[in-house]
>>> print(open('model-v2.cif').read())   # mmCIF, C-alpha atoms
data_input
loop_
_atom_site.group_PDB
_atom_site.id
_atom_site.type_symbol
_atom_site.label_atom_id
_atom_site.label_comp_id
_atom_site.auth_asym_id
_atom_site.auth_seq_id
_atom_site.Cartn_x
_atom_site.Cartn_y
_atom_site.Cartn_z
ATOM 1 C CA MET C 3 106.829 103.257 131.424
ATOM 2 C CA TRP C 4 109.506 103.697 128.773
ATOM 3 C CA VAL C 5 106.936 104.102 126.006
ATOM 4 C CA GLY C 6 105.064 106.567 128.205
ATOM 5 C CA LEU C 7 108.271 108.538 128.687
ATOM 6 C CA ALA C 8 108.832 108.490 124.919
ATOM 7 C CA ARG C 9 105.325 109.838 124.226
ATOM 8 C CA ALA C 10 105.779 112.569 126.821
ATOM 9 C CA ALA C 11 109.221 113.543 125.547
ATOM 10 C CA LEU C 12 108.018 113.732 121.946
ATOM 11 C CA SER C 13 104.686 115.332 122.936
ATOM 12 C CA VAL C 14 102.799 112.559 121.129
ATOM 13 C CA ASP C 15 99.111 112.181 121.945
ATOM 14 C CA GLU C 16 98.301 108.478 122.285
ATOM 15 C CA VAL C 17 94.810 108.985 120.807
ATOM 16 C CA ASP C 18 95.997 110.824 117.699
ATOM 17 C CA SER C 19 99.130 108.766 117.028
ATOM 18 C CA SER C 20 98.897 106.028 114.409
ATOM 19 C CA GLU C 21 102.658 105.567 113.893
ATOM 20 C CA PRO C 22 105.004 103.721 116.266
ATOM 21 C CA VAL C 23 106.643 106.087 118.717
ATOM 22 C CA PRO C 24 110.466 106.236 118.537
ATOM 23 C CA THR C 25 111.935 104.958 121.796
ATOM 24 C CA GLU C 26 115.689 105.232 121.209
ATOM 25 C CA PRO C 27 117.366 107.092 124.135
ATOM 26 C CA SER C 28 119.252 109.456 121.808
ATOM 27 C CA VAL C 29 116.008 110.485 120.056
ATOM 28 C CA LEU C 30 114.252 111.129 123.362
ATOM 29 C CA ALA C 31 117.229 113.084 124.705
ATOM 30 C CA ARG C 32 117.259 115.287 121.620
ATOM 31 C CA ALA C 33 113.524 115.951 121.974
ATOM 32 C CA ILE C 34 113.897 116.893 125.644
ATOM 33 C CA ASP C 35 116.911 119.098 124.866
ATOM 34 C CA ASP C 36 115.030 120.945 122.112
ATOM 35 C CA HIS C 37 111.769 121.398 124.010
ATOM 36 C CA PRO C 38 111.268 124.932 125.372
ATOM 37 C CA SER C 39 111.636 125.069 129.136
ATOM 38 C CA ALA C 40 108.205 124.585 130.699
ATOM 39 C CA GLU C 41 107.480 123.472 134.268
ATOM 40 C CA ALA C 42 104.569 121.219 133.292
ATOM 41 C CA TYR C 43 106.644 119.433 130.638
ATOM 42 C CA ASP C 44 109.611 119.009 132.991
ATOM 43 C CA GLN C 45 107.377 117.662 135.759
ATOM 44 C CA VAL C 46 105.984 114.992 133.431
ATOM 45 C CA ILE C 47 109.447 113.929 132.232
ATOM 46 C CA VAL C 48 110.856 113.787 135.739
ATOM 47 C CA GLY C 49 107.746 111.929 136.892
ATOM 48 C CA TYR C 50 108.513 109.158 134.413
ATOM 49 C CA LEU C 51 112.192 109.179 135.394
ATOM 50 C CA LEU C 52 111.138 108.847 139.032
ATOM 51 C CA GLN C 53 108.988 105.833 138.213
ATOM 52 C CA LEU C 54 111.834 104.271 136.254
ATOM 53 C CA ALA C 55 114.304 104.887 139.092
ATOM 54 C CA ARG C 56 111.958 103.242 141.591
ATOM 55 C CA GLU C 57 111.389 100.287 139.277
ATOM 56 C CA LEU C 58 115.117 99.864 138.751
ATOM 57 C CA LYS C 59 115.713 99.628 142.517
ATOM 58 C CA THR C 60 114.189 96.135 142.458
ATOM 59 C CA ALA C 61 114.333 95.203 138.751
ATOM 60 C CA SER C 62 116.345 92.128 137.816
ATOM 61 C CA GLY C 63 116.942 89.863 134.860
ATOM 62 C CA ALA C 64 117.443 90.811 131.215
ATOM 63 C CA GLU C 65 114.548 93.282 131.219
ATOM 64 C CA GLY C 66 115.966 95.145 134.181
ATOM 65 C CA VAL C 67 119.434 95.281 132.597
ATOM 66 C CA ALA C 68 117.995 96.596 129.319
ATOM 67 C CA LEU C 69 115.931 99.266 131.094
ATOM 68 C CA ARG C 70 118.917 100.374 133.159
ATOM 69 C CA LYS C 71 121.044 100.730 130.008
ATOM 70 C CA LYS C 72 118.326 102.731 128.238
ATOM 71 C CA THR C 73 117.911 105.080 131.185
ATOM 72 C CA SER C 74 121.652 105.528 131.555
ATOM 73 C CA SER C 75 122.017 106.249 127.841
ATOM 74 C CA LEU C 76 119.215 108.832 128.013
ATOM 75 C CA ILE C 77 120.834 110.653 130.953
ATOM 76 C CA ALA C 78 124.247 110.603 129.261
ATOM 77 C CA SER C 79 122.791 111.989 126.015
ATOM 78 C CA LEU C 80 121.107 114.992 127.634
ATOM 79 C CA ARG C 81 122.874 118.322 127.555
ATOM 80 C CA PRO C 82 124.205 119.360 131.004
ATOM 81 C CA GLY C 83 121.881 122.372 131.013
ATOM 82 C CA THR C 84 118.861 120.195 130.262
ATOM 83 C CA LEU C 85 119.720 117.751 133.028
ATOM 84 C CA ARG C 86 120.113 120.612 135.459
ATOM 85 C CA ARG C 87 116.727 121.952 134.348
ATOM 86 C CA LEU C 88 115.105 118.594 135.064
ATOM 87 C CA VAL C 89 116.799 118.298 138.439
ATOM 88 C CA GLU C 90 115.660 121.792 139.412
ATOM 89 C CA MET C 91 112.061 120.955 138.443
ATOM 90 C CA GLY C 92 110.647 124.416 139.010
ATOM 91 C CA GLY C 93 112.088 124.682 142.524
ATOM 92 C CA ASP C 94 110.342 121.584 143.939
ATOM 93 C CA VAL C 95 113.079 120.758 146.452
ATOM 94 C CA GLY C 96 111.291 117.767 147.970
ATOM 95 C CA GLN C 97 110.740 116.025 144.653
ATOM 96 C CA ARG C 98 114.262 116.947 143.589
ATOM 97 C CA GLY C 99 115.761 115.149 146.585
ATOM 98 C CA GLU C 100 113.495 112.160 146.010
ATOM 99 C CA PHE C 101 114.527 111.978 142.374
ATOM 100 C CA ILE C 102 118.246 112.087 143.191
ATOM 101 C CA LEU C 103 118.065 109.464 145.950
ATOM 102 C CA ASP C 104 115.944 107.096 143.870
ATOM 103 C CA ALA C 105 118.334 107.541 140.956
ATOM 104 C CA THR C 106 121.267 106.804 143.266
ATOM 105 C CA HIS C 107 119.790 103.447 144.246
ATOM 106 C CA GLY C 108 118.283 102.443 140.912
ATOM 107 C CA MET C 109 120.097 103.823 137.904
ATOM 108 C CA ALA C 110 123.435 102.845 136.408
ATOM 109 C CA VAL C 111 126.417 104.425 138.164
ATOM 110 C CA ASP C 112 127.400 106.671 135.246
ATOM 111 C CA ALA C 113 123.879 108.138 135.228
ATOM 112 C CA VAL C 114 124.102 108.615 139.005
ATOM 113 C CA LEU C 115 127.290 110.676 138.621
ATOM 114 C CA GLU C 116 125.742 112.898 135.957
ATOM 115 C CA ILE C 117 122.650 113.522 138.091
ATOM 116 C CA VAL C 118 124.725 114.310 141.189
ATOM 117 C CA LYS C 119 126.827 116.854 139.256
ATOM 118 C CA ALA C 120 123.647 118.453 137.903
ATOM 119 C CA ALA C 121 122.229 118.548 141.428
ATOM 120 C CA ALA C 122 125.353 120.327 142.673
ATOM 121 C CA GLU C 123 124.855 123.074 140.105
ATOM 122 C CA ALA C 124 121.133 123.319 140.806
ATOM 123 C CA ASN C 125 121.722 123.653 144.555
ATOM 124 C CA GLY C 126 124.626 126.093 144.228
ATOM 125 C CA GLN C 127 127.034 123.615 145.790
ATOM 126 C CA THR C 128 130.440 122.395 144.725
ATOM 127 C CA ILE C 129 131.928 118.917 144.437
ATOM 128 C CA SER C 130 135.680 118.593 144.734
ATOM 129 C CA HIS C 131 137.277 117.702 141.404
ATOM 130 C CA GLY C 132 139.260 115.061 143.272
ATOM 131 C CA LEU C 133 136.084 113.515 144.659
ATOM 132 C CA VAL C 134 134.456 113.415 141.221
ATOM 133 C CA ARG C 135 137.509 111.670 139.809
ATOM 134 C CA MET C 136 137.534 109.179 142.657
ATOM 135 C CA LEU C 137 133.860 108.387 142.110
ATOM 136 C CA SER C 138 134.485 108.089 138.366
ATOM 137 C CA LYS C 139 137.290 105.593 138.964
ATOM 138 C CA LEU C 140 135.047 103.659 141.333
ATOM 139 C CA ALA C 141 132.374 103.656 138.637
ATOM 140 C CA ALA C 142 134.898 102.238 136.178
ATOM 141 C CA HIS C 143 135.503 99.313 138.546
ATOM 142 C CA THR C 144 131.832 98.378 138.293
ATOM 143 C CA GLU C 145 132.487 97.396 134.670
ATOM 144 C CA VAL C 146 135.754 95.441 135.033
ATOM 145 C CA GLY C 147 137.264 92.777 137.255
ATOM 146 C CA SER C 148 135.638 89.914 139.095
ATOM 147 C CA GLN C 149 131.935 89.783 139.863
ATOM 148 C CA GLN C 150 132.712 90.339 143.551
ATOM 149 C CA ALA C 151 134.806 93.420 142.761
ATOM 150 C CA ARG C 152 132.148 94.883 140.459
ATOM 151 C CA THR C 153 129.410 94.316 143.021
ATOM 152 C CA ARG C 154 131.476 95.843 145.819
ATOM 153 C CA ALA C 155 132.456 98.897 143.733
ATOM 154 C CA ASP C 156 128.814 99.469 142.749
ATOM 155 C CA ALA C 157 127.617 99.272 146.345
ATOM 156 C CA GLU C 158 130.403 101.496 147.689
ATOM 157 C CA LEU C 159 129.815 104.197 145.069
ATOM 158 C CA ARG C 160 126.100 104.358 145.793
ATOM 159 C CA GLU C 161 126.772 104.448 149.532
ATOM 160 C CA GLN C 162 129.249 107.323 149.174
ATOM 161 C CA VAL C 163 126.858 109.321 147.005
ATOM 162 C CA THR C 164 124.038 108.717 149.496
ATOM 163 C CA HIS C 165 126.232 110.019 152.347
ATOM 164 C CA LEU C 166 127.168 113.037 150.240
ATOM 165 C CA LEU C 167 123.531 113.876 149.548
ATOM 166 C CA SER C 168 122.416 113.374 153.158
ATOM 167 C CA ASP C 169 124.907 115.955 154.487
ATOM 168 C CA TRP C 170 125.070 118.291 151.498
ATOM 169 C CA GLN C 171 124.163 121.610 153.049
ATOM 170 C CA LEU C 172 127.133 123.969 152.786
ATOM 171 C CA LYS C 173 128.267 125.922 149.770
ATOM 172 C CA ASP C 174 131.880 125.580 148.632
ATOM 173 C CA PRO C 175 133.906 125.990 151.875
ATOM 174 C CA ASN C 176 137.230 126.475 150.101
ATOM 175 C CA PRO C 177 138.825 129.931 149.833
ATOM 176 C CA GLU C 178 138.398 131.528 146.405
ATOM 177 C CA VAL C 179 142.148 131.554 145.668
ATOM 178 C CA TYR C 180 142.447 127.900 146.679
ATOM 179 C CA GLY C 181 139.539 127.051 144.376
ATOM 180 C CA ARG C 182 141.247 128.791 141.451
ATOM 181 C CA VAL C 183 144.438 126.817 142.090
ATOM 182 C CA LEU C 184 142.458 123.569 142.089
ATOM 183 C CA GLN C 185 140.718 124.518 138.843
ATOM 184 C CA HIS C 186 144.068 125.260 137.225
ATOM 185 C CA LEU C 187 145.455 122.006 138.565
ATOM 186 C CA ALA C 188 142.501 120.080 137.116
ATOM 187 C CA THR C 189 142.564 121.658 133.669
ATOM 188 C CA SER C 190 146.240 122.092 132.859
ATOM 189 C CA ALA C 191 149.481 120.199 132.947
ATOM 190 C CA ASN C 192 153.104 121.260 133.368
ATOM 191 C CA PRO C 193 154.753 120.725 129.966
ATOM 192 C CA HIS C 194 158.226 121.153 131.474
ATOM 193 C CA ALA C 195 157.783 118.656 134.302
ATOM 194 C CA PRO C 196 159.942 115.536 134.057
ATOM 195 C CA SER C 197 158.014 112.332 133.591
ATOM 196 C CA ILE C 198 157.612 109.754 136.331
ATOM 197 C CA GLY C 199 158.647 106.184 135.773
ATOM 198 C CA PRO C 200 155.979 103.809 134.405
ATOM 199 C CA GLY C 201 156.301 101.571 137.445
ATOM 200 C CA ASP C 202 155.104 104.256 139.840
ATOM 201 C CA SER C 203 151.587 103.854 141.133
ATOM 202 C CA LEU C 204 150.785 107.597 141.010
ATOM 203 C CA ALA C 205 151.128 107.859 137.262
ATOM 204 C CA SER C 206 151.789 111.405 136.032
ATOM 205 C CA GLY C 207 152.024 113.424 139.240
ATOM 206 C CA MET C 208 148.438 114.650 138.866
ATOM 207 C CA ASP C 209 147.011 111.895 141.069
ATOM 208 C CA SER C 210 149.575 112.724 143.748
ATOM 209 C CA LEU C 211 148.513 116.377 143.673
ATOM 210 C CA ARG C 212 144.918 115.302 144.183
ATOM 211 C CA VAL C 213 146.007 113.274 147.227
ATOM 212 C CA VAL C 214 147.546 116.444 148.697
ATOM 213 C CA GLN C 215 144.396 118.400 147.816
ATOM 214 C CA MET C 216 142.170 115.890 149.630
ATOM 215 C CA SER C 217 144.566 115.804 152.589
ATOM 216 C CA LEU C 218 144.204 119.583 153.008
ATOM 217 C CA GLU C 219 140.431 119.500 152.584
ATOM 218 C CA SER C 220 139.967 116.657 155.078
ATOM 219 C CA ALA C 221 142.705 117.898 157.471
ATOM 220 C CA VAL C 222 144.209 114.397 157.572
ATOM 221 C CA PHE C 223 147.864 113.536 156.958
ATOM 222 C CA GLY C 224 148.957 109.937 156.428
ATOM 223 C CA PRO C 225 151.606 107.739 154.768
ATOM 224 C CA LEU C 226 149.979 108.056 151.336
ATOM 225 C CA VAL C 227 150.434 111.829 151.482
ATOM 226 C CA GLY C 228 154.157 111.353 152.120
ATOM 227 C CA LYS C 229 154.402 109.050 149.116
ATOM 228 C CA ALA C 230 152.456 111.545 147.002
ATOM 229 C CA LEU C 231 154.872 114.322 148.005
ATOM 230 C CA ASP C 232 157.816 112.171 146.886
ATOM 231 C CA GLN C 233 156.120 111.760 143.509
ATOM 232 C CA ILE C 234 155.459 115.494 143.305
ATOM 233 C CA VAL C 235 159.100 116.335 143.927
ATOM 234 C CA GLN C 236 160.180 113.897 141.205
ATOM 235 C CA ALA C 237 157.603 115.376 138.823
ATOM 236 C CA GLY C 238 158.804 118.930 139.422
ATOM 237 C CA ARG C 239 155.450 120.191 140.737
ATOM 238 C CA VAL C 240 156.507 121.516 144.139
ATOM 239 C CA ARG C 241 155.375 125.022 143.223
ATOM 240 C CA THR C 242 151.788 123.841 142.778
ATOM 241 C CA VAL C 243 151.832 122.368 146.288
ATOM 242 C CA LEU C 244 153.191 125.635 147.670
ATOM 243 C CA GLU C 245 150.325 127.479 145.957
ATOM 244 C CA LEU C 246 147.821 125.097 147.569
ATOM 245 C CA LEU C 247 149.443 125.667 150.969
ATOM 246 C CA SER C 248 149.384 129.458 150.622
ATOM 247 C CA SER C 249 145.609 129.440 150.034
ATOM 248 C CA ARG C 250 144.687 126.372 152.086
ATOM 249 C CA PRO C 251 141.200 125.726 153.493
ATOM 250 C CA GLU C 252 140.385 126.775 157.035
ATOM 251 C CA GLY C 253 141.346 124.209 159.670
ATOM 252 C CA SER C 254 144.159 122.621 157.659
ATOM 253 C CA ASP C 255 147.114 124.419 159.301
ATOM 254 C CA GLY C 256 148.388 121.247 160.950
ATOM 255 C CA VAL C 257 148.368 119.291 157.701
ATOM 256 C CA ALA C 258 149.971 122.202 155.857
ATOM 257 C CA GLU C 259 152.778 122.294 158.418
ATOM 258 C CA ALA C 260 153.320 118.535 158.061
ATOM 259 C CA ILE C 261 153.445 118.834 154.263
ATOM 260 C CA LEU C 262 155.905 121.710 154.454
ATOM 261 C CA SER C 263 158.071 119.718 156.864
ATOM 262 C CA VAL C 264 158.318 116.857 154.384
ATOM 263 C CA LEU C 265 159.170 119.192 151.514
ATOM 264 C CA ALA C 266 161.827 120.960 153.592
ATOM 265 C CA GLU C 267 163.708 117.746 154.421
ATOM 266 C CA PRO C 268 167.360 117.675 153.256
ATOM 267 C CA VAL C 269 166.755 114.899 150.725
ATOM 268 C CA THR C 270 164.047 116.991 149.018
ATOM 269 C CA LEU C 271 166.173 120.118 148.986
ATOM 270 C CA SER C 272 169.054 118.102 147.579
ATOM 271 C CA THR C 273 166.852 116.857 144.726
ATOM 272 C CA LEU C 274 165.657 120.361 143.911
ATOM 273 C CA MET C 275 169.154 121.886 144.097
ATOM 274 C CA ALA C 276 170.534 119.182 141.788
ATOM 275 C CA ARG C 277 168.335 120.317 138.905
ATOM 276 C CA GLU C 278 169.711 122.582 136.196
ATOM 277 C CA PRO C 279 168.768 125.339 136.341
ATOM 278 C CA VAL C 280 167.775 125.536 140.010
ATOM 279 C CA ASP C 281 164.189 126.760 140.403
ATOM 280 C CA LEU C 282 164.541 129.356 143.152
ATOM 281 C CA ALA C 283 160.767 129.811 143.347
ATOM 282 C CA ASP C 284 160.567 126.248 144.655
ATOM 283 C CA VAL C 285 163.664 126.287 146.851
ATOM 284 C CA ASP C 286 163.426 129.659 148.635
ATOM 285 C CA PRO C 287 160.185 128.988 150.605
ATOM 286 C CA LEU C 288 161.559 125.629 151.736
ATOM 287 C CA LEU C 289 164.876 127.143 152.833
ATOM 288 C CA ARG C 290 163.015 129.819 154.814
ATOM 289 C CA SER C 291 160.943 127.092 156.460
ATOM 290 C CA THR C 292 164.089 125.168 157.372
ATOM 291 C CA SER C 293 165.629 128.308 158.850
ATOM 292 C CA ARG C 294 162.580 128.988 160.998
ATOM 293 C CA ARG C 295 162.677 125.444 162.367
ATOM 294 C CA ALA C 296 166.381 125.771 163.151
ATOM 295 C CA ASP C 297 165.714 129.010 165.050
ATOM 296 C CA ILE C 298 162.992 127.332 167.087
ATOM 297 C CA VAL C 299 165.280 124.425 167.989
#
>>> encode(input="model-v2.cif", output="structure tokens")
Amino acid sequence: MWVGLARAALSVDEVDSSEPVPTEPSVLARAIDDHPSAEAYDQVIVGYLLQLARELKTASGAEGVALRKKTSSLIASLRPGTLRRLVEMGGDVGQRGEFILDATHGMAVDAVLEIVKAAAEANGQTISHGLVRMLSKLAAHTEVGSQQARTRADAELREQVTHLLSDWQLKDPNPEVYGRVLQHLATSANPHAPSIGPGDSLASGMDSLRVVQMSLESAVFGPLVGKALDQIVQAGRVRTVLELLSSRPEGSDGVAEAILSVLAEPVTLSTLMAREPVDLADVDPLLRSTSRRADIV
């Protein structure tokens, strides 16, 4: 199957070829990237990838490991636009879904993540940056730790991706302003924010912001969110949380109120007021919130 994929990718006719066909994943990826977009060509390539994905679902031993690595390397070497083109496959939605599900169960986890991201773009849907990072961290655990941990991480990642695909029908439900805040959060850092101690589990404050993001999107507030808010206050990123709250997703009012309550507690205000200079943009909304609560009481 791999040699067949190589011949198809390089457009080599088996009858006319007298030289060995290159089979290195990087060479095949480059050939697929450089080939002009054509539905017939894409269908053939994806057909081979489908066969490989199905074979990998049950493959074992050294041969199965080698094939999985080759396939993963090929997927990783493709340009994002090429991978999206293959996933789209001329609008064949049924085959597209089959390809993604088979890849989820058969290919290496890093290849699965790349295919899922390409599928999101092809379908006009959005994956939360926080979710992608969580899946990426889970994928990393498939390569380290005990055999039991690697096996469990692999199984859990594939299960989560399968659930995502089975109920993936809505376009991005987040408000546009909220989405822009998340994009800024994901692609920039606060150079003036104080660092968090190396012993803290939520390293730089960015992970804690993602916890708040996921809390708003899932409309669930728990102890981990409270811990994340403590980290955010120490990191000097309260303003980012306030921006997320001001453009929060629909249905998250209860969680937003709980988050604001934590931030408006005296100990938090004391920490913010102790900084020099005092950042009034952070403090004023919290003081107004405290005043409203006092009026209600």
>>> residues_around(input="model-v2.cif", residues="Ala157 of chain C", least_positions_apart="6", cutoff="10 Å", atoms="only C-alpha atoms", output="PyMOL selection string")
chain C and resi 107+111+140+144+151
>>> resolve_selection(input="model-v2.cif", expression="the PyMOL selection byres ((chain C and resi 48) around 10)", output="ChimeraX atom specification")
/C:7,43-47,49-54,88-89,91,97-98,101
>>> resolve_selection(input="model-v2.cif", expression="the PyMOL selection byres ((chain C and resi 112) around 9)", output="ChimeraX atom specification")
/C:74,77-78,109-111,113-117,138,141-142
>>> atom_distance(input="model-v2.cif", atom1="atom CA of Leu166 of chain C", atom2="atom CA of Val222 of chain C")
18.6 Å
>>> closest_residue(input="model-v2.cif", among="C:Ala221, C:Thr273, C:Pro287, C:Ala266", to="Glu245 of chain C", atoms="only C-alpha atoms")
C:Pro287
>>> closest_residue(input="model-v2.cif", among="C:Leu12, C:Arg152, C:Glu26, C:Val213", to="Asp232 of chain C", atoms="all atoms listed in the file")
C:Val213
>>> atom_distance(input="model-v2.cif", atom1="atom CA of Ala55 of chain C", atom2="atom CA of Glu100 of chain C")
10.1 Å
>>> resolve_selection(input="model-v2.cif", expression="the PyMOL selection byres ((chain C and resi 76) around 10)", output="MDAnalysis selection string")
chainID C and resid 26:32 34 70:75 77:80 113
>>> residues_around(input="model-v2.cif", residues="Arg87 of chain C", least_positions_apart="2", cutoff="10 Å", atoms="all atoms listed in the file", output="ChimeraX atom specification")
/C:35,39-41,44,81-85,89-93,120-121,124
>>> atom_distance(input="model-v2.cif", atom1="atom CA of Ala61 of chain C", atom2="atom CA of Ser13 of chain C")
27.4 Å
>>> closest_residue(input="model-v2.cif", among="C:Glu158, C:Val163, C:Gln149, C:Val235", to="Val118 of chain C", atoms="all atoms listed in the file")
C:Val163
>>> residues_around(input="model-v2.cif", residues="Val14 of chain C", least_positions_apart="5", cutoff="12 Å", atoms="all atoms listed in the file", output="ChimeraX atom specification")
/C:5-9,19-25,30,33
>>> closest_residue(input="model-v2.cif", among="C:Leu58, C:Ala11, C:Met3, C:Val257", to="Ala105 of chain C", atoms="all atoms listed in the file")
C:Leu58
>>> residues_around(input="model-v2.cif", residues="Gln215 of chain C", least_positions_apart="2", cutoff="9 Å", atoms="only C-alpha atoms", output="ChimeraX atom specification")
/C:132,184,210-213,217-220,243,246
>>> residues_around(input="model-v2.cif", residues="Thr153 of chain C", least_positions_apart="6", cutoff="10 Å", atoms="all atoms listed in the file", output="list in words")
His143, Thr144, Glu145 and Gly147 of chain C
>>> closest_residue(input="model-v2.cif", among="C:Leu159, C:Ala237, C:Leu247, C:Ala260", to="Gly224 of chain C", atoms="all atoms listed in the file")
C:Ala260
